[in-house]
file final13.txt (compact mmCIF, C-alpha atoms (C1' of nucleotides))
# COMPACT_ATOMS: atom_id res chain seq x y z
CA MET A 1 9.89 0.40 15.47
CA SER A 2 8.04 -2.72 16.48
CA GLU A 3 5.04 -0.79 15.17
CA ARG A 4 6.47 -0.89 11.71
CA GLY A 5 6.73 -4.64 12.00
CA VAL A 6 3.00 -4.86 12.62
CA ASP A 7 2.32 -2.60 9.65
CA VAL A 8 4.42 -4.73 7.37
CA GLU A 9 2.54 -7.78 8.48
CA THR A 10 -0.80 -6.07 7.92
CA GLU A 11 0.21 -4.98 4.47
CA LEU A 12 1.47 -8.43 3.60
CA VAL A 13 -1.77 -9.98 4.76
CA THR A 14 -3.70 -7.49 2.64
CA VAL A 15 -1.72 -8.43 -0.44
CA TYR A 16 -2.00 -12.15 0.21
CA LYS A 17 -5.72 -11.87 0.85
CA ALA A 18 -6.14 -9.89 -2.33
CA LEU A 19 -4.53 -12.71 -4.28
CA ALA A 20 -6.24 -15.50 -2.35
CA ASP A 21 -9.19 -15.81 -4.70
CA GLY A 22 -9.46 -17.42 -8.09
CA THR A 23 -11.53 -14.68 -9.65
CA ARG A 24 -9.12 -11.99 -8.52
CA LEU A 25 -6.17 -13.99 -9.77
CA ARG A 26 -7.81 -14.27 -13.18
CA LEU A 27 -8.57 -10.58 -13.02
CA MET A 28 -4.91 -9.85 -12.40
CA GLY A 29 -3.97 -12.10 -15.26
CA LEU A 30 -6.17 -10.15 -17.62
CA LEU A 31 -4.97 -6.80 -16.33
CA VAL A 32 -1.32 -7.73 -16.54
CA GLU A 33 -1.93 -8.47 -20.18
CA ARG A 34 -3.41 -5.06 -20.88
CA PRO A 35 -5.68 -2.49 -19.20
CA ARG A 36 -9.38 -3.20 -19.49
CA HIS A 37 -12.77 -1.77 -18.60
CA VAL A 38 -15.04 -3.24 -15.97
CA ASP A 39 -17.70 -4.61 -18.27
CA GLU A 40 -15.14 -6.31 -20.46
CA LEU A 41 -13.73 -8.02 -17.38
CA ALA A 42 -17.20 -9.04 -16.27
CA ALA A 43 -18.07 -10.47 -19.66
CA THR A 44 -14.74 -12.24 -20.02
CA LEU A 45 -14.82 -13.85 -16.62
CA GLY A 46 -18.53 -14.54 -16.69
CA VAL A 47 -19.43 -12.83 -13.42
CA SER A 48 -21.61 -9.82 -12.73
CA GLY A 49 -20.49 -6.22 -12.86
CA PRO A 50 -20.94 -5.62 -9.14
CA THR A 51 -18.83 -8.65 -8.39
CA ILE A 52 -16.02 -7.39 -10.60
CA SER A 53 -16.35 -4.00 -8.99
CA HIS A 54 -16.01 -5.57 -5.58
CA HIS A 55 -12.90 -7.51 -6.55
CA LEU A 56 -11.31 -4.51 -8.20
CA PHE A 57 -11.88 -2.58 -5.01
CA ARG A 58 -9.98 -5.16 -3.03
CA LEU A 59 -7.14 -5.32 -5.54
CA LYS A 60 -6.98 -1.55 -5.55
CA ALA A 61 -6.90 -1.47 -1.76
CA ALA A 62 -3.93 -3.83 -1.88
CA GLY A 63 -2.24 -1.52 -4.37
CA LEU A 64 -2.22 -4.17 -7.06
CA VAL A 65 -4.29 -2.31 -9.64
CA LEU A 66 -4.71 1.29 -10.72
CA ALA A 67 -7.88 2.92 -11.98
CA GLU A 68 -8.27 5.79 -14.39
CA ARG A 69 -11.45 7.22 -15.81
CA GLU A 70 -11.71 7.37 -19.57
CA GLY A 71 -14.91 9.08 -20.54
CA ARG A 72 -17.74 6.83 -19.58
CA PHE A 73 -15.42 3.96 -18.85
CA ILE A 74 -12.95 3.34 -16.10
CA LYS A 75 -9.75 1.75 -17.24
CA TYR A 76 -8.23 -0.65 -14.76
CA ALA A 77 -4.62 -1.69 -15.07
CA ALA A 78 -2.22 -3.86 -13.13
CA ASN A 79 0.16 -1.82 -11.01
CA LEU A 80 3.19 -3.30 -12.70
CA SER A 81 5.80 -1.45 -10.72
CA ARG A 82 4.22 -2.63 -7.50
CA LEU A 83 4.05 -6.19 -8.75
CA HIS A 84 7.66 -5.98 -9.73
CA ALA A 85 8.62 -4.63 -6.34
CA LEU A 86 6.66 -7.35 -4.57
CA SER A 87 7.74 -10.22 -6.74
CA GLY A 88 11.13 -10.78 -5.18
CA GLN A 89 9.91 -9.93 -1.76
CA LEU A 90 6.69 -11.67 -0.87
CA LEU A 91 7.75 -14.97 0.58
CA PRO A 92 11.19 -13.95 1.80
CA SER A 93 9.59 -11.24 3.87
CA ILE A 94 7.42 -13.51 5.94
CA PRO A 95 7.46 -11.45 9.08
CA LEU A 96 9.49 -12.62 11.96
CA PRO A 97 7.45 -13.61 14.97
CA LYS A 98 6.49 -11.19 17.65
CA ASP A 99 8.82 -12.63 20.21
CA GLU A 100 11.86 -12.20 18.03
CA ARG A 101 12.85 -9.42 20.34
CA ALA A 102 12.86 -11.70 23.34
CA ARG A 103 14.84 -14.33 21.54
CA THR A 104 17.28 -11.77 20.28
CA LEU A 105 17.94 -10.68 23.83
CA VAL A 106 18.46 -14.27 24.89
CA THR A 107 20.84 -14.81 22.01
CA PHE A 108 22.97 -11.74 22.45
CA PHE A 109 23.16 -11.61 26.22
CA ASP A 110 24.91 -14.06 28.46
CA GLY A 111 23.45 -13.00 31.75
CA GLN A 112 24.21 -9.31 32.01
CA ARG A 113 27.01 -9.55 29.53
CA LEU A 114 26.66 -8.69 25.86
CA VAL A 115 28.09 -11.45 23.69
CA ARG A 116 28.47 -9.23 20.63
CA LEU A 117 26.78 -6.32 18.96
CA PRO A 118 24.11 -7.51 16.51
CA SER A 119 24.78 -6.37 12.99
CA SER A 120 21.17 -5.72 12.03
CA GLU A 121 19.88 -2.38 13.22
CA LYS A 122 16.65 -3.89 14.43
CA ARG A 123 18.36 -6.31 16.76
CA ARG A 124 20.94 -3.78 17.78
CA THR A 125 18.09 -1.49 18.78
CA TRP A 126 16.55 -4.10 21.06
CA VAL A 127 19.88 -4.90 22.65
CA LEU A 128 20.84 -1.28 23.20
CA GLU A 129 17.41 -0.47 24.51
CA ARG A 130 18.01 -2.92 27.32
CA ILE A 131 21.48 -1.57 28.05
CA ALA A 132 20.09 1.95 28.10
CA THR A 133 17.99 1.01 31.10
CA ARG A 134 21.24 0.95 33.08
CA PHE A 135 21.27 4.70 32.84
CA GLU A 136 18.90 6.78 34.88
CA PRO A 137 16.88 9.36 33.00
CA ASP A 138 17.67 13.03 33.60
CA ARG A 139 21.03 12.30 35.10
CA ILE A 140 24.28 13.65 33.70
CA TYR A 141 27.10 11.13 33.31
CA GLN A 142 30.78 11.83 32.80
CA GLU A 143 32.43 9.71 30.18
CA ARG A 144 34.22 7.67 32.85
CA ASP A 145 30.83 6.94 34.49
CA VAL A 146 29.54 5.70 31.19
CA SER A 147 32.57 3.49 30.77
CA ALA A 148 32.20 2.15 34.28
CA ILE A 149 28.68 1.09 33.50
CA LEU A 150 29.44 -0.34 30.07
CA ARG A 151 32.69 -2.19 30.79
CA PRO A 152 31.08 -5.04 32.75
CA ILE A 153 28.68 -5.46 29.87
CA PHE A 154 31.00 -5.40 26.89
CA ASP A 155 34.74 -5.19 26.39
CA ASP A 156 34.68 -2.83 23.46
CA VAL A 157 33.28 0.07 25.45
CA ALA A 158 33.96 2.63 22.74
CA SER A 159 31.93 0.81 20.10
CA LEU A 160 29.09 0.17 22.49
CA ARG A 161 28.97 3.80 23.59
CA ARG A 162 29.04 4.98 19.99
CA ALA A 163 26.21 2.62 19.10
CA LEU A 164 24.15 3.93 22.01
CA VAL A 165 24.69 7.48 20.85
CA ASP A 166 24.04 6.66 17.21
CA LEU A 167 20.66 5.17 17.95
CA GLY A 168 19.70 7.96 20.31
CA PHE A 169 19.72 6.02 23.57
CA LEU A 170 22.48 8.24 24.90
CA ARG A 171 22.93 11.91 24.13
CA ARG A 172 26.34 13.46 24.24
CA ARG A 173 27.19 17.08 24.89
CA GLY A 174 30.96 17.56 25.02
CA ASP A 175 32.16 14.97 27.53
CA ARG A 176 28.83 14.63 29.29
CA TYR A 177 26.21 12.05 28.53
CA ARG A 178 22.53 11.76 29.25
CA ARG A 179 20.01 9.07 28.57
CA GLY A 180 18.08 10.15 25.45
CA MET B 1 -3.84 -27.78 -21.51
CA SER B 2 -6.48 -25.71 -19.84
CA GLU B 3 -6.71 -28.33 -17.14
CA ARG B 4 -3.21 -27.74 -16.04
CA GLY B 5 -3.91 -24.03 -15.95
CA VAL B 6 -6.79 -24.58 -13.60
CA ASP B 7 -4.68 -26.77 -11.34
CA VAL B 8 -1.96 -24.18 -11.15
CA GLU B 9 -4.50 -21.56 -10.26
CA THR B 10 -6.01 -23.74 -7.56
CA GLU B 11 -2.62 -24.41 -6.07
CA LEU B 12 -1.71 -20.74 -6.16
CA VAL B 13 -4.94 -19.80 -4.43
CA THR B 14 -4.27 -22.41 -1.77
CA VAL B 15 -0.84 -20.97 -1.09
CA TYR B 16 -2.07 -17.39 -1.03
CA LYS B 17 -4.96 -18.29 1.25
CA ALA B 18 -2.57 -20.09 3.54
CA LEU B 19 -0.49 -16.93 3.89
CA ALA B 20 -3.46 -14.57 4.06
CA ASP B 21 -3.69 -14.56 7.84
CA GLY B 22 -1.56 -12.84 10.42
CA THR B 23 -1.40 -15.78 12.79
CA ARG B 24 -0.27 -18.14 10.06
CA LEU B 25 2.31 -15.65 8.87
CA ARG B 26 3.73 -15.46 12.37
CA LEU B 27 3.62 -19.23 12.54
CA MET B 28 5.68 -19.41 9.37
CA GLY B 29 8.11 -16.91 10.81
CA LEU B 30 8.65 -19.10 13.86
CA LEU B 31 8.98 -22.26 11.80
CA VAL B 32 11.39 -20.74 9.33
CA GLU B 33 13.63 -20.02 12.26
CA ARG B 34 13.59 -23.56 13.59
CA PRO B 35 11.21 -26.52 13.93
CA ARG B 36 8.86 -26.38 16.90
CA HIS B 37 6.16 -28.37 18.63
CA VAL B 38 2.51 -27.38 18.66
CA ASP B 39 2.27 -26.35 22.27
CA GLU B 40 5.35 -24.20 22.00
CA LEU B 41 3.78 -22.42 19.05
CA ALA B 42 0.52 -21.99 20.96
CA ALA B 43 2.29 -20.55 23.97
CA THR B 44 4.47 -18.26 21.90
CA LEU B 45 1.64 -16.86 19.81
CA GLY B 46 -0.85 -16.76 22.64
CA VAL B 47 -3.61 -18.76 20.99
CA SER B 48 -5.12 -22.11 21.86
CA GLY B 49 -3.70 -25.46 20.82
CA PRO B 50 -6.62 -26.36 18.58
CA THR B 51 -6.30 -23.04 16.79
CA ILE B 52 -2.64 -23.69 16.11
CA SER B 53 -3.54 -27.16 14.98
CA HIS B 54 -6.06 -25.72 12.56
CA HIS B 55 -3.57 -23.26 11.11
CA LEU B 56 -0.88 -25.90 10.78
CA PHE B 57 -3.33 -28.05 8.89
CA ARG B 58 -3.88 -25.31 6.37
CA LEU B 59 -0.19 -24.57 6.02
CA LYS B 60 0.48 -28.27 5.60
CA ALA B 61 -2.25 -28.53 2.96
CA ALA B 62 -0.53 -25.73 1.07
CA GLY B 63 2.75 -27.61 1.34
CA LEU B 64 4.35 -24.86 3.35
CA VAL B 65 5.15 -26.90 6.45
CA LEU B 66 6.19 -30.46 7.17
CA ALA B 67 5.25 -32.51 10.20
CA GLU B 68 7.18 -35.29 11.89
CA ARG B 69 6.32 -37.16 15.04
CA GLU B 70 8.91 -37.15 17.78
CA GLY B 71 7.75 -39.30 20.64
CA ARG B 72 4.80 -37.60 22.22
CA PHE B 73 5.40 -34.43 20.26
CA ILE B 74 4.96 -33.55 16.65
CA LYS B 75 7.67 -31.41 15.22
CA TYR B 76 6.53 -28.91 12.64
CA ALA B 77 9.02 -27.29 10.29
CA ALA B 78 8.86 -24.87 7.41
CA ASN B 79 9.18 -26.61 4.06
CA LEU B 80 12.19 -24.55 3.09
CA SER B 81 12.72 -26.08 -0.32
CA ARG B 82 9.10 -25.37 -1.20
CA LEU B 83 9.38 -21.80 0.04
CA HIS B 84 12.48 -21.38 -2.02
CA ALA B 85 10.81 -22.80 -5.09
CA LEU B 86 7.77 -20.58 -4.62
CA SER B 87 9.62 -17.40 -3.81
CA GLY B 88 10.64 -16.68 -7.36
CA GLN B 89 7.41 -17.93 -8.77
CA LEU B 90 4.44 -16.59 -6.88
CA LEU B 91 3.76 -13.25 -8.44
CA PRO B 92 5.44 -13.88 -11.79
CA SER B 93 3.00 -16.70 -12.39
CA ILE B 94 -0.02 -14.42 -12.18
CA PRO B 95 0.01 -13.42 -15.82
CA LEU B 96 -0.43 -16.91 -17.13
CA PRO B 97 -3.59 -17.17 -19.18
CA LYS B 98 -6.36 -18.71 -17.17
CA ASP B 99 -8.92 -21.16 -18.31
CA GLU B 100 -9.58 -21.86 -21.92
CA ARG B 101 -12.86 -20.00 -21.89
CA ALA B 102 -11.25 -16.77 -20.74
CA ARG B 103 -8.48 -17.17 -23.26
CA THR B 104 -10.96 -17.75 -26.00
CA LEU B 105 -12.91 -14.63 -25.17
CA VAL B 106 -9.75 -12.59 -25.03
CA THR B 107 -8.67 -13.98 -28.38
CA PHE B 108 -11.91 -13.54 -30.27
CA PHE B 109 -13.03 -10.19 -28.92
CA ASP B 110 -11.38 -6.87 -29.46
CA GLY B 111 -13.22 -4.89 -26.87
CA GLN B 112 -16.89 -5.33 -27.73
CA ARG B 113 -16.16 -6.32 -31.27
CA LEU B 114 -15.99 -9.92 -32.45
CA VAL B 115 -12.86 -10.53 -34.48
CA ARG B 116 -14.18 -13.70 -36.14
CA LEU B 117 -16.44 -16.59 -35.36
CA PRO B 118 -14.52 -19.46 -33.80
CA SER B 119 -14.70 -22.63 -35.82
CA SER B 120 -14.90 -25.07 -32.92
CA GLU B 121 -18.36 -25.37 -31.45
CA LYS B 122 -17.07 -25.19 -27.90
CA ARG B 123 -15.41 -21.85 -28.48
CA ARG B 124 -18.27 -20.61 -30.59
CA THR B 125 -20.59 -21.39 -27.71
CA TRP B 126 -18.59 -19.27 -25.29
CA VAL B 127 -18.40 -16.40 -27.71
CA LEU B 128 -22.09 -16.49 -28.58
CA GLU B 129 -23.07 -16.85 -24.96
CA ARG B 130 -21.45 -13.55 -24.32
CA ILE B 131 -23.12 -11.89 -27.27
CA ALA B 132 -26.46 -13.28 -26.17
CA THR B 133 -26.26 -11.20 -23.02
CA ARG B 134 -26.93 -8.18 -25.23
CA PHE B 135 -30.51 -9.39 -25.59
CA GLU B 136 -32.99 -9.06 -22.78
CA PRO B 137 -34.81 -12.20 -21.77
CA ASP B 138 -38.55 -12.34 -22.51
CA ARG B 139 -38.43 -9.54 -24.99
CA ILE B 140 -39.50 -9.89 -28.60
CA TYR B 141 -37.08 -8.45 -31.17
CA GLN B 142 -37.80 -7.68 -34.79
CA GLU B 143 -35.13 -8.78 -37.18
CA ARG B 144 -34.00 -5.18 -37.66
CA ASP B 145 -33.58 -4.86 -33.85
CA VAL B 146 -31.43 -7.94 -33.85
CA SER B 147 -29.34 -6.52 -36.66
CA ALA B 148 -29.00 -3.21 -34.88
CA ILE B 149 -27.59 -5.01 -31.88
CA LEU B 150 -25.31 -7.32 -33.83
CA ARG B 151 -23.90 -4.94 -36.41
CA PRO B 152 -21.62 -3.07 -33.97
CA ILE B 153 -20.31 -6.43 -32.90
CA PHE B 154 -19.64 -8.15 -36.19
CA ASP B 155 -19.92 -7.16 -39.85
CA ASP B 156 -21.39 -10.41 -41.07
CA VAL B 157 -24.64 -10.00 -39.19
CA ALA B 158 -26.39 -12.81 -41.03
CA SER B 159 -23.82 -15.43 -40.06
CA LEU B 160 -23.73 -14.25 -36.50
CA ARG B 161 -27.50 -14.31 -36.20
CA ARG B 162 -27.66 -17.77 -37.71
CA ALA B 163 -25.00 -19.01 -35.29
CA LEU B 164 -26.96 -17.60 -32.36
CA VAL B 165 -30.09 -19.36 -33.53
CA ASP B 166 -28.24 -22.61 -34.25
CA LEU B 167 -26.87 -22.85 -30.76
CA GLY B 168 -30.15 -21.88 -29.14
CA PHE B 169 -29.15 -18.49 -27.79
CA LEU B 170 -31.75 -16.85 -29.97
CA ARG B 171 -35.10 -18.34 -30.93
CA ARG B 172 -36.77 -17.39 -34.13
CA ARG B 173 -40.47 -17.50 -34.90
CA GLY B 174 -41.16 -16.06 -38.34
CA ASP B 175 -39.41 -12.70 -38.35
CA ARG B 176 -39.43 -12.31 -34.58
CA TYR B 177 -36.62 -13.27 -32.27
CA ARG B 178 -36.37 -13.97 -28.57
CA ARG B 179 -33.49 -14.78 -26.32
CA GLY B 180 -33.52 -18.55 -25.78
C1' DT C 1 -2.57 -51.40 32.85
C1' DG C 2 -3.48 -46.78 34.04
C1' DT C 3 -2.07 -42.01 34.27
C1' DA C 4 -0.17 -37.97 32.13
C1' DC C 5 0.64 -35.36 28.34
C1' DA C 6 0.51 -33.86 23.23
C1' DA C 7 -2.27 -33.16 19.52
C1' DT C 8 -6.43 -33.46 16.82
C1' DT C 9 -11.38 -33.53 16.13
C1' DA C 10 -16.07 -31.89 17.14
C1' DG C 11 -19.30 -28.32 17.89
C1' DG C 12 -20.51 -23.68 18.12
C1' DC C 13 -20.24 -18.60 17.74
C1' DA C 14 -19.05 -14.30 15.50
C1' DG C 15 -17.15 -11.98 11.79
C1' DT C 16 -15.88 -11.94 6.88
C1' DT C 17 -16.44 -12.79 2.01
C1' DA C 18 -18.18 -13.91 -2.80
C1' DT C 19 -21.96 -13.45 -5.23
C1' DC C 20 -26.23 -11.69 -7.09
C1' DG C 21 -30.15 -8.32 -8.53
C1' DA C 22 -31.88 -3.79 -7.78
C1' DA C 23 -31.10 0.86 -7.18
C1' DA C 24 -28.11 4.89 -7.25
C1' DT C 25 -24.45 7.64 -9.39
C1' DA C 26 -21.69 9.44 -13.12
C1' DT C 27 -20.68 10.57 -17.79
C1' DC C 28 -21.55 11.42 -22.50
C1' DA C 29 -24.55 12.49 -26.38
C1' DA C 30 -28.56 14.10 -28.64
C1' DT D 1 -32.86 18.06 -20.21
C1' DT D 2 -33.51 13.43 -21.39
C1' DG D 3 -31.79 9.02 -22.56
C1' DA D 4 -28.17 5.61 -22.84
C1' DT D 5 -24.32 3.46 -20.91
C1' DA D 6 -20.65 2.34 -17.37
C1' DT D 7 -19.77 1.69 -12.77
C1' DT D 8 -20.59 1.61 -7.95
C1' DT D 9 -23.40 1.09 -3.85
C1' DC D 10 -26.95 -1.33 -1.34
C1' DG D 11 -29.12 -5.27 0.66
C1' DA D 12 -29.42 -10.05 1.07
C1' DT D 13 -27.77 -14.81 1.29
C1' DA D 14 -24.83 -18.76 1.57
C1' DA D 15 -20.38 -20.26 2.45
C1' DC D 16 -16.15 -19.87 4.77
C1' DT D 17 -12.89 -18.66 8.48
C1' DG D 18 -10.76 -17.99 13.07
C1' DC D 19 -11.34 -18.60 17.51
C1' DC D 20 -12.80 -20.89 21.62
C1' DT D 21 -13.97 -25.04 24.98
C1' DA D 22 -14.90 -29.85 25.50
C1' DA D 23 -14.20 -34.41 24.05
C1' DT D 24 -11.28 -37.81 21.65
C1' DT D 25 -7.17 -40.01 19.97
C1' DG D 26 -2.42 -41.26 20.30
C1' DT D 27 2.02 -41.93 22.71
C1' DA D 28 5.15 -42.72 26.56
C1' DC D 29 6.20 -44.20 31.00
C1' DA D 30 5.55 -45.86 35.88
call {"tool": "encode", "arguments": {"input": "final13.txt", "output": "structure tokens"}}
result
Amino acid sequence: MSERGVDVETELVTVYKALADGTRLRLMGLLVERPRHVDELAATLGVSGPTISHHLFRLKAAGLVLAEREGRFIKYAANLSRLHALSGQLLPSIPLPKDERARTLVTFFDGQRLVRLPSSEKRRTWVLERIATRFEPDRIYQERDVSAILRPIFDDVASLRRALVDLGFLRRRGDRYRRG
Amino acid sequence: MSERGVDVETELVTVYKALADGTRLRLMGLLVERPRHVDELAATLGVSGPTISHHLFRLKAAGLVLAEREGRFIKYAANLSRLHALSGQLLPSIPLPKDERARTLVTFFDGQRLVRLPSSEKRRTWVLERIATRFEPDRIYQERDVSAILRPIFDDVASLRRALVDLGFLRRRGDRYRRG
DNA sequence: TGTACAATTAGGCAGTTATCGAAATATCAA
DNA sequence: TTGATATTTCGATAACTGCCTAATTGTACA
């Protein structure tokens, strides 16, 4: 799960890097207008074919343009659906810092006690992950054992237990529980 | 008119470049959450103070963060109003036509074909410059070779050839032509 | 004033990038 | 197959970037 965070950051950086160049921005401008061939782009922007090719490669790698061969030509086009998807999302999705997890734990725990269940699944996962460490692996717990462990942590034992089960930290079989 | 276009592009590139780095993205994440001092950022992200300083400089240059001295510390904060202003504007602003030269070429060419000769000398120069690339340097062309090259581009070959000669892209000696 | 601490600047190293011309590859057409 | 054209790949170069350590500047406090 934290892995996905890294991936999102990497992808964001790729997109930002792809757009962080004047020539590529102009390229995108032309391609948003209509699809074009490489040599037309080169002539229009006044740079060499290989340079255009290089920039198109980077834009393609970022998913911002699509290529399609048309006889001897290759037609490049802006990936409009991707642009649309990104447009409302780029800046707002500046990734949260790596230590968000640590700060989340500080925020939601008061000592050993859970202040409240986070509403976002990501934060809930971090919080429950810590609570799950109170259970030994490979040991079978009765429901009352589970409650005995959870009650000092959080008043609403039922919700907490359900959350642990929902996210797979606890597995339930009948009235027995095991760390998952 | 074109000047403003260039400025917008430069500013966009600055912003994209500022965000095109994982460390700076994480920095923004921390600063969006709350203002922080440099050494806290360095410790949190695990890089040296000077490196943080360098990144903050770039973010500040892009207008993404604000700095304020607080005693011995300097408090850095995300420029939230700027982020808000940019968020709906970054990608949508790509399609704007770029510099005047590019717009001219797009306007006057339909693929390889010249729609008409621009009347202003500035625009005519850009257009002819592009056509001139069809001629190899240091090669002598007979008039019929010149026509063979120009006819697919523009019906009125005579006017086009004269314009190329007038602006020095083609040199004529008797009935022979050379790229100028 | 002098010491401690926060931050920036300076200098240097390693890796990346934008650009070009030349050469290679791919496609169509004769 | 050969030739023409479109595009990419290769190889090189100059500029830029991210990171570090060491030195410098700026601020507060004893």
call {"tool": "closest_residue", "arguments": {"input": "final13.txt", "among": "A:His37, A:Arg26, A:Ala61, A:His54", "to": "Lys75 (chain A)", "atoms": "all atoms listed in the file"}}
result
A:His37
call {"tool": "closest_residue", "arguments": {"input": "final13.txt", "among": "A:Ile74, A:Leu170, A:Leu80, A:Val146", "to": "chain D", "atoms": "only C-alpha atoms (C1' of nucleotides)"}}
result
A:Ile74
call {"tool": "residues_near_point", "arguments": {"input": "final13.txt", "point": "(-30.2, -7.2, -29.2)", "cutoff": "7 Å", "atoms": "only C-alpha atoms (C1' of nucleotides)", "output": "PyMOL selection string"}}
result
chain B and resi 134-135+145-146+149-150
call {"tool": "residues_around", "arguments": {"input": "final13.txt", "residues": "region 7-20 of chain C", "least_positions_apart": "4", "cutoff": "8 Å", "atoms": "all atoms listed in the file", "output": "list of chain:residue names"}}
result
A:Ser48, A:Thr51, B:Val38, B:Gly49, B:Pro50, B:Ser53, B:Phe73, B:Ile74, D:DC16, D:DT17, D:DA23, D:DT24, D:DT25
call {"tool": "closest_residue", "arguments": {"input": "final13.txt", "among": "B:Leu117, B:Arg82, B:Gly174, B:Ile52", "to": "chain C", "atoms": "all atoms listed in the file"}}
result
B:Ile52
call {"tool": "residues_near_point", "arguments": {"input": "final13.txt", "point": "(6.6, -38.2, 35.2)", "cutoff": "9 Å", "atoms": "all atoms listed in the file", "output": "PyMOL selection string"}}
result
(chain C and resi 4) or (chain D and resi 29-30)
call {"tool": "closest_residue", "arguments": {"input": "final13.txt", "among": "D:DT9, D:DG3, D:DA14, D:DA28", "to": "chain B", "atoms": "only C-alpha atoms (C1' of nucleotides)"}}
result
D:DA28
call {"tool": "interface_residues", "arguments": {"input": "final13.txt", "of": "chain D", "to": "chain B", "cutoff": "9 Å", "atoms": "all atoms listed in the file", "output": "NGL selection string"}}
result
:D and (18-20 or 26-28)
call {"tool": "atom_distance", "arguments": {"input": "final13.txt", "atom1": "C1' of DA12 (chain D)", "atom2": "CA of Glu40 (chain A)"}}
result
26.1 Å
call {"tool": "atom_distance", "arguments": {"input": "final13.txt", "atom1": "CA of Arg124 (chain A)", "atom2": "CA of Ala163 (chain A)"}}
result
8.4 Å
call {"tool": "residues_around", "arguments": {"input": "final13.txt", "residues": "Leu167 (chain A)", "least_positions_apart": "6", "cutoff": "10 Å", "atoms": "only C-alpha atoms (C1' of nucleotides)", "output": "MDAnalysis selection string"}}
result
chainID A and resid 121 124:125 128:129 180
call {"tool": "residues_around", "arguments": {"input": "final13.txt", "residues": "Leu66 (chain A)", "least_positions_apart": "6", "cutoff": "7 Å", "atoms": "all atoms listed in the file", "output": "list of chain:residue names"}}
result
A:Lys60, A:Tyr76, A:Ala77, A:Ala78, A:Asn79
call {"tool": "atom_distance", "arguments": {"input": "final13.txt", "atom1": "CA of Arg116 (chain B)", "atom2": "CA of Glu9 (chain B)"}}
result
28.7 Å
call {"tool": "closest_residue", "arguments": {"input": "final13.txt", "among": "A:Leu12, A:Ala18, A:Val115, A:Val165", "to": "chain C", "atoms": "all atoms listed in the file"}}
result
A:Ala18
call {"tool": "decode", "arguments": {"input": "final13.txt", "residues": "region 7-29 of chain D", "atoms": "C-alpha atoms (C1' of nucleotides)", "output": "compact mmCIF listing (two decimals), in the first residue's frame"}}
result
# COMPACT_ATOMS: atom_id res chain seq x y z
C1' DT D 7 11.27 8.17 -38.53
C1' DT D 8 14.30 6.39 -35.12
C1' DT D 9 18.75 5.20 -33.22
C1' DC D 10 23.53 6.34 -32.39
C1' DG D 11 27.25 9.13 -30.78
C1' DA D 12 28.82 13.39 -29.19
C1' DT D 13 28.65 17.78 -26.71
C1' DA D 14 27.23 21.45 -23.75
C1' DA D 15 24.24 22.70 -20.24
C1' DC D 16 21.68 21.65 -16.26
C1' DT D 17 20.41 19.28 -11.95
C1' DG D 18 20.65 17.02 -7.38
C1' DC D 19 23.41 15.87 -3.99
C1' DC D 20 27.15 16.38 -0.83
C1' DT D 21 30.72 18.90 2.45
C1' DA D 22 32.89 23.11 3.81
C1' DA D 23 32.67 27.90 4.39
C1' DT D 24 29.86 32.08 5.06
C1' DT D 25 26.09 34.93 6.57
C1' DG D 26 22.53 36.17 9.72
C1' DT D 27 20.08 36.07 14.20
C1' DA D 28 19.46 35.48 19.15
C1' DC D 29 21.05 35.22 23.67
